[in-house]
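The file model.txt contains compact mmCIF, C-alpha atoms:
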```txt
# COMPACT_ATOMS: atom_id res chain seq x y z
CA MET A 1 -38.99 -8.71 -20.78
CA THR A 2 -35.72 -10.06 -22.14
CA GLU A 3 -35.32 -6.93 -24.31
CA LEU A 4 -35.77 -4.78 -21.22
CA LEU A 5 -32.92 -6.64 -19.48
CA SER A 6 -30.49 -5.50 -22.17
CA VAL A 7 -31.07 -1.77 -21.54
CA PRO A 8 -27.52 -0.61 -20.72
CA ILE A 9 -28.58 1.71 -17.90
CA LEU A 10 -30.75 -0.92 -16.18
CA PRO A 11 -28.10 -2.05 -13.63
CA LEU A 12 -27.57 1.57 -12.58
CA ILE A 13 -31.29 2.28 -12.20
CA LEU A 14 -31.71 -0.99 -10.31
CA THR A 15 -28.84 -0.15 -7.93
CA LEU A 16 -30.04 3.40 -7.25
CA ALA A 17 -33.62 2.24 -6.67
CA ALA A 18 -32.51 -0.58 -4.35
CA PHE A 19 -30.25 1.80 -2.41
CA GLN A 20 -33.09 4.29 -2.08
CA VAL A 21 -35.32 1.58 -0.60
CA GLY A 22 -32.55 0.86 1.91
CA ARG A 23 -32.24 4.53 2.85
CA VAL A 24 -35.98 4.95 3.33
CA LEU A 25 -36.10 1.82 5.52
CA GLN A 26 -33.14 3.00 7.61
CA ALA A 27 -34.65 6.45 8.11
CA ARG A 28 -37.97 4.88 9.08
CA PHE A 29 -36.71 2.26 11.57
CA ARG A 30 -33.28 3.65 12.61
CA SER A 31 -31.79 0.17 12.97
CA PRO A 32 -28.11 -0.39 12.13
CA PHE A 33 -29.11 -3.73 10.60
CA LEU A 34 -30.97 -1.82 7.89
CA ASN A 35 -27.74 -0.64 6.28
CA PRO A 36 -28.62 0.76 2.81
CA ILE A 37 -25.70 -1.08 1.14
CA LEU A 38 -26.79 -4.37 2.73
CA ILE A 39 -30.40 -3.91 1.62
CA ALA A 40 -29.37 -2.82 -1.88
CA VAL A 41 -27.14 -5.92 -2.26
CA ILE A 42 -29.95 -8.24 -1.16
CA LEU A 43 -32.46 -6.60 -3.53
CA VAL A 44 -30.02 -6.59 -6.47
CA LEU A 45 -29.15 -10.27 -5.88
CA ALA A 46 -32.86 -11.12 -5.69
CA PHE A 47 -33.43 -9.31 -9.00
CA LEU A 48 -30.49 -11.07 -10.69
CA PHE A 49 -31.69 -14.41 -9.38
CA ALA A 50 -35.28 -13.81 -10.52
CA THR A 51 -34.41 -12.58 -14.01
CA GLY A 52 -31.36 -14.74 -14.64
CA MET A 53 -29.19 -11.74 -15.45
CA PRO A 54 -25.52 -12.77 -14.95
CA VAL A 55 -23.54 -10.95 -12.20
CA ALA A 56 -20.84 -10.10 -14.77
CA GLU A 57 -23.39 -8.35 -16.98
CA TYR A 58 -24.73 -6.37 -14.02
CA GLN A 59 -21.21 -5.28 -13.08
CA LEU A 60 -20.45 -4.34 -16.67
CA GLY A 61 -23.47 -2.04 -16.58
CA MET A 62 -22.28 -0.52 -13.30
CA GLY A 63 -18.92 0.22 -14.92
CA SER A 64 -20.42 3.49 -16.17
CA ILE A 65 -20.20 4.89 -12.63
CA SER A 66 -17.84 2.49 -10.79
CA TRP A 67 -14.83 4.55 -11.87
CA LEU A 68 -16.10 7.38 -9.63
CA LEU A 69 -14.90 5.38 -6.60
CA THR A 70 -11.27 6.52 -7.08
CA PRO A 71 -12.02 10.30 -7.17
CA ALA A 72 -14.54 9.81 -4.31
CA THR A 73 -11.89 8.08 -2.18
CA ILE A 74 -9.41 10.87 -2.92
CA CYS A 75 -12.00 13.34 -1.59
CA LEU A 76 -11.70 11.73 1.87
CA ALA A 77 -8.66 14.04 2.09
CA ILE A 78 -11.07 16.99 2.51
CA PRO A 79 -12.72 15.96 5.84
CA MET A 80 -9.32 14.65 6.95
CA TYR A 81 -7.79 18.10 6.34
CA GLU A 82 -10.66 19.86 8.16
CA GLN A 83 -10.44 17.59 11.24
CA PHE A 84 -6.65 17.83 11.19
CA GLN A 85 -6.87 21.60 11.79
CA VAL A 86 -9.32 21.22 14.68
CA LEU A 87 -7.64 18.26 16.38
CA LYS A 88 -3.98 19.35 16.15
CA LYS A 89 -3.45 19.20 19.90
CA ASN A 90 -4.76 15.64 20.23
CA LEU A 91 -3.03 14.34 17.12
CA PRO A 92 -0.24 12.22 18.73
CA MET A 93 -2.74 10.41 20.98
CA ILE A 94 -5.11 9.81 18.07
CA LEU A 95 -2.36 8.47 15.82
CA ALA A 96 -1.02 6.15 18.56
CA GLY A 97 -4.48 4.68 19.12
CA VAL A 98 -5.12 4.15 15.41
CA VAL A 99 -1.71 2.50 14.87
CA ALA A 100 -2.17 0.15 17.84
CA GLY A 101 -5.73 -0.76 16.82
CA SER A 102 -5.08 -1.28 13.10
CA LEU A 103 -1.98 -3.39 13.65
CA SER A 104 -3.64 -5.64 16.24
CA CYS A 105 -6.64 -6.08 13.94
CA MET A 106 -4.45 -7.21 11.04
CA ALA A 107 -2.33 -9.43 13.31
CA MET A 108 -5.45 -11.12 14.58
CA VAL A 109 -6.82 -11.82 11.09
CA VAL A 110 -3.46 -13.22 9.90
CA CYS A 111 -3.00 -15.45 12.97
CA THR A 112 -6.56 -16.80 12.80
CA GLY A 113 -6.17 -17.41 9.06
CA LEU A 114 -2.95 -19.38 9.60
CA PHE A 115 -4.33 -21.29 12.59
CA LEU A 116 -7.58 -22.32 10.87
CA ARG A 117 -5.80 -22.84 7.53
CA PHE A 118 -7.88 -20.40 5.53
CA HIS A 119 -7.14 -20.16 1.82
CA PRO A 120 -4.46 -17.37 1.61
CA LEU A 121 -6.73 -15.33 -0.68
CA LEU A 122 -9.49 -15.55 1.91
CA THR A 123 -7.16 -14.13 4.58
CA VAL A 124 -6.09 -11.40 2.16
CA SER A 125 -9.73 -10.53 1.48
CA LEU A 126 -10.55 -10.34 5.22
CA LEU A 127 -7.46 -8.30 6.12
CA PRO A 128 -8.91 -4.82 5.37
CA LYS A 129 -12.13 -5.59 7.31
CA SER A 130 -11.94 -2.61 9.67
CA ILE A 131 -11.11 0.10 7.14
CA THR A 132 -13.25 2.06 4.71
CA THR A 133 -14.54 0.05 1.73
CA ALA A 134 -13.01 2.58 -0.68
CA ILE A 135 -9.44 1.67 0.28
CA GLY A 136 -10.22 -1.91 1.37
CA VAL A 137 -11.59 -3.00 -2.01
CA ALA A 138 -8.69 -1.36 -3.87
CA LEU A 139 -6.22 -3.29 -1.66
CA THR A 140 -8.00 -6.62 -2.19
CA GLU A 141 -8.20 -6.14 -5.96
CA MET A 142 -4.50 -5.32 -6.07
CA SER A 143 -3.65 -8.67 -4.41
CA ASP A 144 -6.06 -10.75 -6.52
CA GLY A 145 -8.31 -11.20 -3.49
CA MET A 146 -12.10 -11.30 -3.59
CA PRO A 147 -13.75 -7.84 -3.37
CA GLY A 148 -17.14 -9.43 -2.59
CA ILE A 149 -15.80 -10.98 0.63
CA THR A 150 -13.97 -7.78 1.56
CA THR A 151 -17.06 -5.62 1.10
CA ALA A 152 -19.26 -8.05 3.04
CA ALA A 153 -16.71 -8.28 5.90
CA ILE A 154 -16.36 -4.48 6.03
CA ILE A 155 -20.12 -3.87 6.16
CA PHE A 156 -20.59 -6.60 8.80
CA THR A 157 -17.76 -5.05 10.86
CA GLY A 158 -19.33 -1.60 10.57
CA ILE A 159 -22.75 -2.82 11.67
CA LEU A 160 -21.22 -4.73 14.62
CA GLY A 161 -19.17 -1.69 15.66
CA SER A 162 -22.22 0.53 15.48
CA ILE A 163 -24.39 -1.82 17.58
CA LEU A 164 -21.75 -2.91 20.11
CA GLY A 165 -19.85 0.42 20.31
CA PRO A 166 -21.77 1.98 23.22
CA VAL A 167 -21.53 -1.30 25.20
CA LEU A 168 -17.81 -1.66 24.39
CA CYS A 169 -17.18 1.91 25.62
CA LYS A 170 -18.51 0.82 29.03
CA LEU A 171 -16.70 -2.54 28.94
CA PHE A 172 -13.30 -0.94 28.21
CA HIS A 173 -14.06 2.10 30.41
CA LEU A 174 -13.67 4.53 27.51
CA THR A 175 -15.00 7.80 28.89
CA ASP A 176 -12.84 10.27 26.96
CA PRO A 177 -14.69 11.48 23.81
CA VAL A 178 -11.44 11.54 21.80
CA ALA A 179 -10.68 7.93 22.76
CA GLN A 180 -14.24 6.91 21.88
CA GLY A 181 -13.89 8.54 18.46
CA VAL A 182 -10.61 6.73 17.80
CA ALA A 183 -12.22 3.40 18.75
CA PHE A 184 -15.25 3.88 16.48
CA GLY A 185 -13.23 5.13 13.50
CA THR A 186 -10.43 2.55 13.75
CA ALA A 187 -12.66 -0.47 14.39
CA ALA A 188 -15.78 0.37 12.39
CA HIS A 189 -14.92 3.00 9.72
CA VAL A 190 -17.79 5.11 8.26
CA ILE A 191 -20.67 3.14 9.81
CA GLY A 192 -19.03 3.45 13.24
CA THR A 193 -18.41 7.15 12.63
CA ALA A 194 -22.13 7.71 12.11
CA LYS A 195 -22.75 6.18 15.56
CA ALA A 196 -19.91 8.18 17.15
CA THR A 197 -21.40 11.40 15.75
CA GLU A 198 -24.71 10.50 17.43
CA LEU A 199 -22.97 10.10 20.80
CA ASN A 200 -20.85 13.25 20.69
CA ALA A 201 -19.80 15.75 17.98
CA LEU A 202 -16.13 15.63 19.06
CA SER A 203 -16.13 11.81 18.91
CA GLY A 204 -17.58 12.00 15.39
CA ALA A 205 -14.85 14.37 14.21
CA VAL A 206 -12.10 12.22 15.75
CA SER A 207 -13.71 9.11 14.25
CA SER A 208 -13.77 10.52 10.71
CA LEU A 209 -10.09 11.44 10.99
CA SER A 210 -9.21 8.04 12.49
CA LEU A 211 -10.93 6.08 9.73
CA VAL A 212 -8.86 7.76 7.00
CA VAL A 213 -5.61 7.35 8.97
CA ALA A 214 -6.45 3.67 9.61
CA GLY A 215 -7.12 3.20 5.88
CA LEU A 216 -3.83 4.81 4.88
CA LEU A 217 -1.85 2.86 7.48
CA THR A 218 -3.44 -0.42 6.40
CA ALA A 219 -2.64 0.39 2.75
CA VAL A 220 1.04 0.74 3.66
CA VAL A 221 1.26 -2.41 5.82
CA PHE A 222 -1.02 -4.57 3.63
CA PRO A 223 1.52 -5.41 0.87
CA LEU A 224 4.12 -6.40 3.49
CA ILE A 225 1.68 -8.91 5.01
CA THR A 226 0.37 -10.33 1.72
CA ALA A 227 3.97 -10.90 0.62
CA MET A 228 4.39 -13.29 3.58
CA LEU A 229 1.15 -15.24 3.09
CA MET B 230 -20.24 25.70 -13.06
CA LYS B 231 -18.79 25.62 -9.56
CA TYR B 232 -19.18 21.83 -9.43
CA LEU B 233 -17.60 21.39 -12.85
CA SER B 234 -14.39 23.27 -12.04
CA GLN B 235 -14.14 21.56 -8.64
CA PHE B 236 -14.65 18.17 -10.28
CA CYS B 237 -11.83 19.00 -12.72
CA ILE B 238 -9.42 19.65 -9.84
CA ILE B 239 -10.41 16.35 -8.20
CA LEU B 240 -9.98 14.51 -11.51
CA GLY B 241 -6.55 16.14 -11.79
CA PHE B 242 -5.56 14.48 -8.51
CA THR B 243 -7.07 11.22 -9.76
CA LEU B 244 -4.84 11.41 -12.83
CA LEU B 245 -1.82 12.21 -10.64
CA GLY B 246 -2.60 9.19 -8.46
CA GLU B 247 -2.98 6.88 -11.46
CA THR B 248 0.31 8.18 -12.90
CA LEU B 249 2.22 7.67 -9.64
CA GLN B 250 0.77 4.19 -9.24
CA ARG B 251 2.12 3.28 -12.67
CA LEU B 252 5.49 4.98 -12.21
CA LEU B 253 6.36 3.86 -8.68
CA PRO B 254 7.02 0.17 -8.01
CA LEU B 255 5.05 0.21 -4.72
CA PRO B 256 1.90 -1.91 -4.32
CA ILE B 257 -0.28 1.07 -3.25
CA PRO B 258 -3.68 1.87 -4.84
CA SER B 259 -3.89 5.03 -6.97
CA SER B 260 -6.65 6.41 -4.72
CA VAL B 261 -4.27 6.40 -1.73
CA TYR B 262 -1.66 8.40 -3.68
CA GLY B 263 -4.36 10.85 -4.77
CA LEU B 264 -5.72 11.17 -1.22
CA VAL B 265 -2.30 11.94 0.27
CA LEU B 266 -1.47 14.42 -2.53
CA LEU B 267 -4.78 16.28 -2.14
CA PHE B 268 -4.28 16.37 1.65
CA LEU B 269 -0.77 17.84 1.23
CA ALA B 270 -2.01 20.33 -1.39
CA LEU B 271 -4.64 21.52 1.10
CA CYS B 272 -2.09 21.74 3.94
CA PHE B 273 0.35 23.79 1.85
CA GLY B 274 -2.38 26.02 0.43
CA ILE B 275 -1.80 24.89 -3.18
CA VAL B 276 -5.49 24.01 -3.30
CA LYS B 277 -7.97 26.03 -1.23
CA LEU B 278 -10.70 24.23 0.69
CA GLU B 279 -13.44 26.18 -1.18
CA GLN B 280 -12.00 24.97 -4.52
CA VAL B 281 -12.87 21.33 -3.83
CA LYS B 282 -15.29 21.22 -0.92
CA ALA B 283 -18.69 21.18 -2.70
CA ALA B 284 -17.84 18.57 -5.35
CA GLY B 285 -15.90 16.58 -2.74
CA ALA B 286 -18.91 16.45 -0.42
CA PHE B 287 -21.04 15.23 -3.34
CA LEU B 288 -18.57 12.48 -4.27
CA THR B 289 -18.04 11.22 -0.71
CA GLY B 290 -21.82 11.38 -0.27
CA ILE B 291 -22.55 9.00 -3.15
CA MET B 292 -19.68 6.66 -2.25
CA SER B 293 -21.91 4.08 -0.51
CA VAL B 294 -23.85 3.45 -3.74
CA LEU B 295 -20.58 2.55 -5.46
CA PHE B 296 -19.99 -0.31 -2.99
CA VAL B 297 -23.09 -2.22 -4.07
CA SER B 298 -21.48 -3.53 -7.25
CA PRO B 299 -18.33 -5.04 -5.63
CA ALA B 300 -20.46 -6.45 -2.78
CA VAL B 301 -22.73 -8.27 -5.22
CA SER B 302 -19.74 -10.31 -6.45
CA ILE B 303 -19.83 -12.20 -3.13
CA VAL B 304 -22.12 -14.77 -4.82
CA SER B 305 -19.17 -15.78 -7.02
CA ASN B 306 -17.07 -16.48 -3.89
CA TRP B 307 -19.82 -18.19 -1.94
CA GLU B 308 -18.39 -21.71 -2.39
CA LEU B 309 -15.08 -20.65 -0.86
CA ILE B 310 -16.54 -19.02 2.25
CA ARG B 311 -19.49 -21.36 2.90
CA PRO B 312 -17.52 -24.13 4.71
CA GLN B 313 -15.84 -21.52 6.93
CA LEU B 314 -18.75 -19.16 7.43
CA LEU B 315 -18.96 -19.54 11.22
CA PRO B 316 -15.21 -19.06 11.93
CA ILE B 317 -15.20 -16.06 9.55
CA CYS B 318 -18.12 -14.44 11.37
CA LEU B 319 -16.56 -15.12 14.79
CA LEU B 320 -13.24 -13.70 13.59
CA ILE B 321 -14.96 -10.53 12.38
CA LEU B 322 -16.81 -10.19 15.69
CA ALA B 323 -13.73 -10.83 17.88
CA SER B 324 -11.38 -8.62 15.89
CA THR B 325 -13.90 -5.75 15.87
CA VAL B 326 -14.20 -5.91 19.67
CA ILE B 327 -10.42 -6.12 20.16
CA THR B 328 -9.61 -3.35 17.66
CA PHE B 329 -12.20 -1.13 19.37
CA GLY B 330 -10.77 -1.84 22.83
CA ILE B 331 -7.08 -1.49 21.97
CA SER B 332 -7.34 1.68 19.85
CA GLY B 333 -9.62 3.44 22.34
CA SER B 334 -7.63 2.37 25.43
CA VAL B 335 -4.27 3.45 23.97
CA THR B 336 -5.63 6.91 23.11
CA GLN B 337 -7.35 7.30 26.49
CA LEU B 338 -4.24 6.27 28.40
CA LEU B 339 -2.12 8.84 26.52
CA GLN B 340 -4.78 11.55 26.86
CA LYS B 341 -4.78 11.10 30.64
CA LYS B 342 -1.01 10.89 30.86
CA GLY B 343 -0.52 14.04 28.83
CA GLY B 344 -3.30 15.76 30.77
CA ALA B 345 -4.63 17.09 27.48
CA SER B 346 -7.81 19.12 27.58
CA HIS B 347 -10.38 19.32 24.83
CA ASP B 348 -10.80 23.09 24.62
```

If you took the structure in this file and wrote it as structure tokens, what would it be?
Amino acid sequence: MTELLSVPILPLILTLAAFQVGRVLQARFRSPFLNPILIAVILVLAFLFATGMPVAEYQLGMGSISWLLTPATICLAIPMYEQFQVLKKNLPMILAGVVAGSLSCMAMVVCTGLFLRFHPLLTVSLLPKSITTAIGVALTEMSDGMPGITTAAIIFTGILGSILGPVLCKLFHLTDPVAQGVAFGTAAHVIGTAKATELNALSGAVSSLSLVVAGLLTAVVFPLITAML
Amino acid sequence: MKYLSQFCIILGFTLLGETLQRLLPLPIPSSVYGLVLLFLALCFGIVKLEQVKAAGAFLTGIMSVLFVSPAVSIVSNWELIRPQLLPICLLILASTVITFGISGSVTQLLQKKGGASHD
């Protein structure tokens, strides 16, 4: 058993298998709570706990594919370019919504962090909560924050946005499909975009553009805020 | 072979991003530089959509799997978040609602004002 734990590819196989379980469960029950990342994390943690494999060793094993995150993030430019062509006419309205939403989100996290006296690194790690994990984790790592907290906060945000989105559209009287797309993409990144696509194809397209713009905008503002904390 | 050549182009932008991140004194992740450069290259026709689309769709498709590893490190930070778990969860809930409302309302207001149509 202990020899098996030292197989270098074991963490990768474990992760892929756990993720696959999550995907099958989500396809079967269609609940936003059954997020494949969430399920994979729970299963991996259970495995590490049961076998006593250190987290560091697991992450070392994942290093063989973790580097793919940078090229994968860069590829977000491709859907962004495609939506950009389609949504040219609505672009100023989309950008204004994303800027207003992203800035108020960050302002709220900073103010709450200061008011409740969070550890500065905790505030830093929560700051990219509404943007895509790809850019969010890179930002947190750059500022010596905690990527685990960032990823958890981002997934939680996405699940909340996906569940509450349709209700929030009614609450805020968002009837315009472009406005709905901006709301889903800015507040709840990829997980929200999946929900927006279910509601309306145009909302889904706007949402996938908004999530990349929100990520880029946050990346630019992020260092200015962390410098003040 | 299609995937291989497309992957090479994407890796080229990755290298460009890493280089810029090291050369420029700005605290911006290399992936953001790469993303903006690839977007501009597509806009100016330096790179054609068909030259990156298939490999790009594959990479963005597997992205979720790559988040499992950083998420697992939350156990190492558990002691720091445990005493403030409830305020953290409430903050995430409240800020998600507010971000949703503000971003959507601003866009809707401008859409109506401009009288823009969706055709």

With a distance cut-off of 8 Å and all atoms listed in the file, select the neighbouring residues of segment 106-114 of chain A, excluding the residue or stretch itself and same-chain residues fewer than 5 positions from it, and output the selection as a PyMOL selection string.
-> (chain A and resi 119-120+123+126-128) or (chain B and resi 320+324)

With all atoms listed in the file considered, list every residue of chain A at most 7 Å from chain B, as a PDB file with C-alpha atoms, in the frame of the given file.
```pdb
ATOM      1  CA  PHE A  19     -30.250   1.800  -2.410  1.00  0.00           C
ATOM      2  CA  ILE A  37     -25.700  -1.080   1.140  1.00  0.00           C
ATOM      3  CA  ALA A  40     -29.370  -2.820  -1.880  1.00  0.00           C
ATOM      4  CA  VAL A  41     -27.140  -5.920  -2.260  1.00  0.00           C
ATOM      5  CA  LEU A  45     -29.150 -10.270  -5.880  1.00  0.00           C
ATOM      6  CA  VAL A  55     -23.540 -10.950 -12.200  1.00  0.00           C
ATOM      7  CA  GLN A  59     -21.210  -5.280 -13.080  1.00  0.00           C
ATOM      8  CA  MET A  62     -22.280  -0.520 -13.300  1.00  0.00           C
ATOM      9  CA  SER A  66     -17.840   2.490 -10.790  1.00  0.00           C
ATOM     10  CA  LEU A  69     -14.900   5.380  -6.600  1.00  0.00           C
ATOM     11  CA  THR A  70     -11.270   6.520  -7.080  1.00  0.00           C
ATOM     12  CA  PRO A  71     -12.020  10.300  -7.170  1.00  0.00           C
ATOM     13  CA  ALA A  72     -14.540   9.810  -4.310  1.00  0.00           C
ATOM     14  CA  THR A  73     -11.890   8.080  -2.180  1.00  0.00           C
ATOM     15  CA  ILE A  74      -9.410  10.870  -2.920  1.00  0.00           C
ATOM     16  CA  CYS A  75     -12.000  13.340  -1.590  1.00  0.00           C
ATOM     17  CA  LEU A  76     -11.700  11.730   1.870  1.00  0.00           C
ATOM     18  CA  ALA A  77      -8.660  14.040   2.090  1.00  0.00           C
ATOM     19  CA  ILE A  78     -11.070  16.990   2.510  1.00  0.00           C
ATOM     20  CA  TYR A  81      -7.790  18.100   6.340  1.00  0.00           C
ATOM     21  CA  MET A  93      -2.740  10.410  20.980  1.00  0.00           C
ATOM     22  CA  ILE A  94      -5.110   9.810  18.070  1.00  0.00           C
ATOM     23  CA  ALA A  96      -1.020   6.150  18.560  1.00  0.00           C
ATOM     24  CA  GLY A  97      -4.480   4.680  19.120  1.00  0.00           C
ATOM     25  CA  VAL A  98      -5.120   4.150  15.410  1.00  0.00           C
ATOM     26  CA  ALA A 100      -2.170   0.150  17.840  1.00  0.00           C
ATOM     27  CA  GLY A 101      -5.730  -0.760  16.820  1.00  0.00           C
ATOM     28  CA  SER A 102      -5.080  -1.280  13.100  1.00  0.00           C
ATOM     29  CA  SER A 104      -3.640  -5.640  16.240  1.00  0.00           C
ATOM     30  CA  CYS A 105      -6.640  -6.080  13.940  1.00  0.00           C
ATOM     31  CA  MET A 108      -5.450 -11.120  14.580  1.00  0.00           C
ATOM     32  CA  ALA A 138      -8.690  -1.360  -3.870  1.00  0.00           C
ATOM     33  CA  LEU A 139      -6.220  -3.290  -1.660  1.00  0.00           C
ATOM     34  CA  PRO A 147     -13.750  -7.840  -3.370  1.00  0.00           C
ATOM     35  CA  GLY A 148     -17.140  -9.430  -2.590  1.00  0.00           C
ATOM     36  CA  ILE A 149     -15.800 -10.980   0.630  1.00  0.00           C
ATOM     37  CA  THR A 151     -17.060  -5.620   1.100  1.00  0.00           C
ATOM     38  CA  ALA A 152     -19.260  -8.050   3.040  1.00  0.00           C
ATOM     39  CA  THR A 157     -17.760  -5.050  10.860  1.00  0.00           C
ATOM     40  CA  GLY A 161     -19.170  -1.690  15.660  1.00  0.00           C
ATOM     41  CA  PHE A 172     -13.300  -0.940  28.210  1.00  0.00           C
ATOM     42  CA  LEU A 174     -13.670   4.530  27.510  1.00  0.00           C
ATOM     43  CA  ASP A 176     -12.840  10.270  26.960  1.00  0.00           C
ATOM     44  CA  ALA A 179     -10.680   7.930  22.760  1.00  0.00           C
ATOM     45  CA  GLN A 180     -14.240   6.910  21.880  1.00  0.00           C
ATOM     46  CA  VAL A 182     -10.610   6.730  17.800  1.00  0.00           C
ATOM     47  CA  ALA A 183     -12.220   3.400  18.750  1.00  0.00           C
ATOM     48  CA  PHE A 184     -15.250   3.880  16.480  1.00  0.00           C
ATOM     49  CA  THR A 186     -10.430   2.550  13.750  1.00  0.00           C
ATOM     50  CA  ALA A 187     -12.660  -0.470  14.390  1.00  0.00           C
ATOM     51  CA  LEU A 216      -3.830   4.810   4.880  1.00  0.00           C
ATOM     52  CA  ALA A 219      -2.640   0.390   2.750  1.00  0.00           C
ATOM     53  CA  PRO A 223       1.520  -5.410   0.870  1.00  0.00           C
TER      54      PRO A 223
END
```

With a distance cut-off of 7 Å and all atoms listed in the file, select the neighbouring residues of Lys129 of chain A, excluding the residue or stretch itself and same-chain residues fewer than 4 positions from it, and output the selection as a compact mmCIF listing (two decimals) with C-alpha atoms, in the frame of the given file.
```
# COMPACT_ATOMS: atom_id res chain seq x y z
CA THR A 150 -13.97 -7.78 1.56
CA ALA A 153 -16.71 -8.28 5.90
CA ILE A 154 -16.36 -4.48 6.03
CA THR A 157 -17.76 -5.05 10.86
```

To one decimal place, how far is atom CA of Gly63 of chain A from atom CA of Met230 of chain B in Å?
-> 25.6 Å

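Compared by their closest atoms to Glu279 of chain B, and using all atoms listed in the file, the residues B:Leu252, B:Ile238, B:Leu315, B:Leu245 rank with B:Ile238 nearest.
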
Point-to-point distance from atom CA of Leu91 of chain A to atom CA of Val137 of chain A, Å rounded to tenths | 27.2 Å

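Here atom CA of Gly22 of chain A is placed at a distance of 9.2 Å from atom CA of Leu43 of chain A.
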
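Residues with at least one atom no more than 6 Å from (-13.6, 7.5, 11.1), using all atoms listed in the file, are Gly185, His189, Val190, Thr193, Ser207, Ser208, Leu209, Ser210 and Leu211 of chain A.
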